[in-house]
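What follows is the content of model16.txt, which has compact mmCIF, C-alpha atoms:
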```txt
# COMPACT_ATOMS: atom_id res chain seq x y z
CA MET Z 274 15.36 2.21 19.20
CA LEU Z 275 12.26 0.94 17.45
CA ALA Z 276 12.93 -1.06 14.31
CA PHE Z 277 10.88 -0.52 11.18
CA PRO Z 278 8.69 -3.41 10.05
CA THR Z 279 9.86 -5.50 7.12
CA ALA Z 280 7.64 -5.53 4.06
CA THR Z 281 6.43 -8.95 2.92
CA ARG Z 282 3.82 -10.21 0.49
CA LYS Z 283 1.45 -10.86 3.38
CA SER Z 284 1.89 -7.35 4.82
CA ALA Z 285 1.36 -5.84 1.36
CA PHE Z 286 -1.86 -7.81 0.84
CA ILE Z 287 -3.20 -6.89 4.29
CA THR Z 288 -2.30 -3.22 3.68
CA GLY Z 289 -4.31 -3.22 0.45
CA ILE Z 290 -7.29 -4.73 2.24
CA SER Z 291 -7.03 -2.32 5.17
CA LEU Z 292 -7.05 0.74 2.89
CA VAL Z 293 -10.29 -0.35 1.24
CA VAL Z 294 -11.83 -1.24 4.62
CA LEU Z 295 -10.85 2.17 6.03
CA ILE Z 296 -12.56 3.94 3.13
CA ALA Z 297 -15.65 1.71 3.45
CA VAL Z 298 -15.88 2.33 7.21
CA LEU Z 299 -15.61 6.10 6.70
CA GLU Z 300 -18.34 5.97 4.05
CA ALA Z 301 -20.56 3.87 6.33
CA LEU Z 302 -20.04 6.28 9.23
CA GLU Z 303 -21.03 9.14 6.94
CA HIS Z 304 -24.09 7.23 5.74
CA PHE Z 305 -25.26 6.63 9.33
CA GLU Z 306 -24.45 10.27 10.17
CA VAL Z 307 -21.83 9.45 12.80
CA LEU Z 308 -19.21 11.49 10.91
CA PRO Z 309 -20.14 14.66 9.06
CA ALA Z 310 -17.77 13.85 6.16
CA GLY Z 311 -16.94 10.70 4.21
CA SER Z 312 -13.57 9.62 2.89
CA SER Z 313 -13.82 11.77 -0.23
CA GLU Z 314 -14.61 15.02 1.59
CA LYS Z 315 -11.86 17.55 2.10
CA GLY Z 316 -11.98 17.09 5.86
CA MET Z 317 -11.16 13.37 5.76
CA PHE Z 318 -9.05 13.19 2.60
CA PRO Z 319 -5.78 14.09 4.42
CA VAL Z 320 -6.38 11.24 6.88
CA VAL Z 321 -6.91 8.72 4.08
CA ALA Z 322 -3.94 10.08 2.09
CA ALA Z 323 -1.65 9.97 5.13
CA TYR Z 324 -2.73 6.40 5.91
CA PHE Z 325 -2.12 5.43 2.27
CA PHE Z 326 1.39 6.91 2.07
CA ILE Z 327 2.57 5.74 5.49
CA SER Z 328 1.22 2.20 5.12
CA VAL Z 329 2.54 1.79 1.57
CA LEU Z 330 5.98 3.09 2.52
CA LEU Z 331 6.20 0.83 5.59
CA PHE Z 332 4.44 -2.37 4.55
CA VAL Z 333 4.70 -2.48 0.74
CA ILE Z 334 7.79 -0.66 -0.51
CA ASP Z 335 9.84 -1.06 2.71
CA VAL Z 336 11.95 1.61 4.35
CA LYS Z 337 15.16 -0.25 3.44
CA SER Z 338 14.28 0.10 -0.26
CA PHE Z 339 15.03 3.83 -0.40
CA SER Z 340 18.77 3.42 -0.92
CA PRO Z 341 19.39 -0.29 -1.44
CA SER Z 342 22.87 -1.65 -1.89
CA GLU Z 343 21.57 -3.97 -4.64
CA LEU Z 344 20.81 -1.00 -6.90
CA LYS Z 345 23.89 1.17 -6.33
CA ALA Z 346 25.63 2.29 -9.49
CA LYS Z 347 29.08 3.81 -9.90
CA ILE Z 348 27.55 7.29 -10.11
CA PRO Z 349 26.68 8.74 -6.68
CA LEU Z 350 22.95 8.94 -5.82
CA VAL Z 351 22.02 6.87 -8.90
CA TYR Z 352 20.21 3.62 -8.20
CA PHE Z 353 19.82 1.23 -11.09
CA PRO Z 354 19.89 -2.55 -11.40
CA THR Z 355 23.35 -3.37 -12.70
CA ASN Z 356 23.33 -7.11 -11.98
CA ARG Z 357 20.96 -10.00 -11.34
CA GLU Z 358 20.78 -9.19 -7.63
CA GLY Z 359 19.54 -5.66 -8.41
CA LEU Z 360 16.99 -6.95 -10.90
CA ASN Z 361 15.70 -9.50 -8.37
CA PHE Z 362 15.40 -6.73 -5.80
CA LEU Z 363 13.31 -4.59 -8.17
CA LEU Z 364 11.10 -7.54 -9.08
CA ARG Z 365 10.48 -8.28 -5.38
CA VAL Z 366 9.44 -4.67 -4.71
CA TRP Z 367 7.23 -4.54 -7.82
CA GLY Z 368 5.75 -7.91 -6.85
CA ARG Z 369 4.78 -6.55 -3.44
CA MET Z 370 3.15 -3.57 -5.18
CA LEU Z 371 1.15 -5.97 -7.34
CA VAL Z 372 0.12 -7.99 -4.27
CA TRP Z 373 -0.96 -4.72 -2.58
CA PHE Z 374 -3.13 -3.89 -5.58
CA LEU Z 375 -4.60 -7.42 -5.60
CA GLY Z 376 -5.44 -7.07 -1.90
CA ALA Z 377 -7.23 -3.78 -2.53
CA ALA Z 378 -9.08 -5.23 -5.54
CA THR Z 379 -10.09 -8.32 -3.56
CA ALA Z 380 -11.47 -6.27 -0.68
CA ALA Z 381 -13.30 -3.92 -3.05
CA SER Z 382 -14.87 -6.83 -4.92
CA PHE Z 383 -16.02 -8.50 -1.70
CA LEU Z 384 -17.51 -5.24 -0.46
CA ALA Z 385 -19.27 -4.69 -3.80
CA LEU Z 386 -20.61 -8.25 -3.72
CA GLY Z 387 -21.85 -7.71 -0.16
CA GLN Z 388 -23.61 -4.50 -1.15
CA TRP Z 389 -25.18 -6.21 -4.16
CA LEU Z 390 -26.42 -9.11 -2.03
CA LEU Z 391 -27.91 -6.78 0.58
CA LYS Z 392 -29.92 -4.77 -1.94
```

When written as structure tokens, how does the structure in this file appear?
Amino acid sequence: MLAFPTATRKSAFITGISLVVLIAVLEALEHFEVLPAGSSEKGMFPVVAAYFFISVLLFVIDVKSFSPSELKAKIPLVYFPTNREGLNFLLRVWGRMLVWFLGAATAASFLALGQWLLK
């Protein structure tokens, strides 16, 4: 059986960068008329959305975070931080989300700088 990857800060950062690079590559392919539609067109939007959701669930949030033992409460199917371990777990997941956003912002700023320098 194939094991799911474990989400880390590095995987979250790389996932943020790869999403921006995917969108930039699709826009470049549209600009050079290799693809008939860019990333914002209705033909390619499902591809970008699927890549976003799958990569974020696997490499940022982590599959093991859907029903973590650290957040179990006494009420069934309720997940809430009831101790320091649960709070640390939530902070780790939110930290990876922040690192993902910083990776996307870094890649977008480098691409914008590159476009500005090439004009």

Can you tell me, as a PDB file with C-alpha atoms, in the frame of the given file, what residues are no more than 9 Å from range 355-362 of chain Z when counting all atoms listed in the file, ignoring any on the same chain fewer than 2 positions away?
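Final output, saved to part-v9.pdb:
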```pdb
ATOM      1  CA  SER Z 338      14.280   0.100  -0.260  1.00  0.00           C
ATOM      2  CA  PRO Z 341      19.390  -0.290  -1.440  1.00  0.00           C
ATOM      3  CA  SER Z 342      22.870  -1.650  -1.890  1.00  0.00           C
ATOM      4  CA  GLU Z 343      21.570  -3.970  -4.640  1.00  0.00           C
ATOM      5  CA  LEU Z 344      20.810  -1.000  -6.900  1.00  0.00           C
ATOM      6  CA  LYS Z 345      23.890   1.170  -6.330  1.00  0.00           C
ATOM      7  CA  ALA Z 346      25.630   2.290  -9.490  1.00  0.00           C
ATOM      8  CA  TYR Z 352      20.210   3.620  -8.200  1.00  0.00           C
ATOM      9  CA  PHE Z 353      19.820   1.230 -11.090  1.00  0.00           C
ATOM     10  CA  LEU Z 364      11.100  -7.540  -9.080  1.00  0.00           C
ATOM     11  CA  ARG Z 365      10.480  -8.280  -5.380  1.00  0.00           C
ATOM     12  CA  VAL Z 366       9.440  -4.670  -4.710  1.00  0.00           C
ATOM     13  CA  TRP Z 367       7.230  -4.540  -7.820  1.00  0.00           C
TER      14      TRP Z 367
END
```

Inset, instruction - Excluding range 295-305 of chain Z and residues on its chain fewer than 3 positions from it, collect all residues at most 10 Å away from it, counting all atoms listed in the file, and give them as a list of chain:residue names. - result: Z:Ile290, Z:Ser291, Z:Leu292, Z:Leu308, Z:Pro309, Z:Ala310, Z:Gly311, Z:Ser312, Z:Ser313, Z:Met317, Z:Phe318, Z:Val321, Z:Tyr324, Z:Ala380, Z:Ala381, Z:Leu384

Where is the centre and how long are the edges: axis-aligned box on range 287-306 of chain Z, 8 Å on each side, Å to one decimal, as AutoDock Vina command-line options:
```
--center_x -13.8 --center_y 1.7 --center_z 5.3 --size_x 39.0 --size_y 33.2 --size_z 25.7
```

Legend entry - Selection: 12 Å around Ser328 in chain Z, only C-alpha atoms, excl. self and same-chain fewer than 5 positions, as a PyMOL selection string: chain Z and resi 277-280+284-292+320-323+333-336+370+373

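Interatomic distance, CA of Thr281 in chain Z to CA of Val329 in chain Z: 11.5 Å.
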
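The interatomic distance for the pair CA of Met274 in chain Z and CA of Phe332 in chain Z works out to 18.8 Å.
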
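The coordinates place CA of Ala377 in chain Z at 12.7 Å from CA of Lys283 in chain Z.
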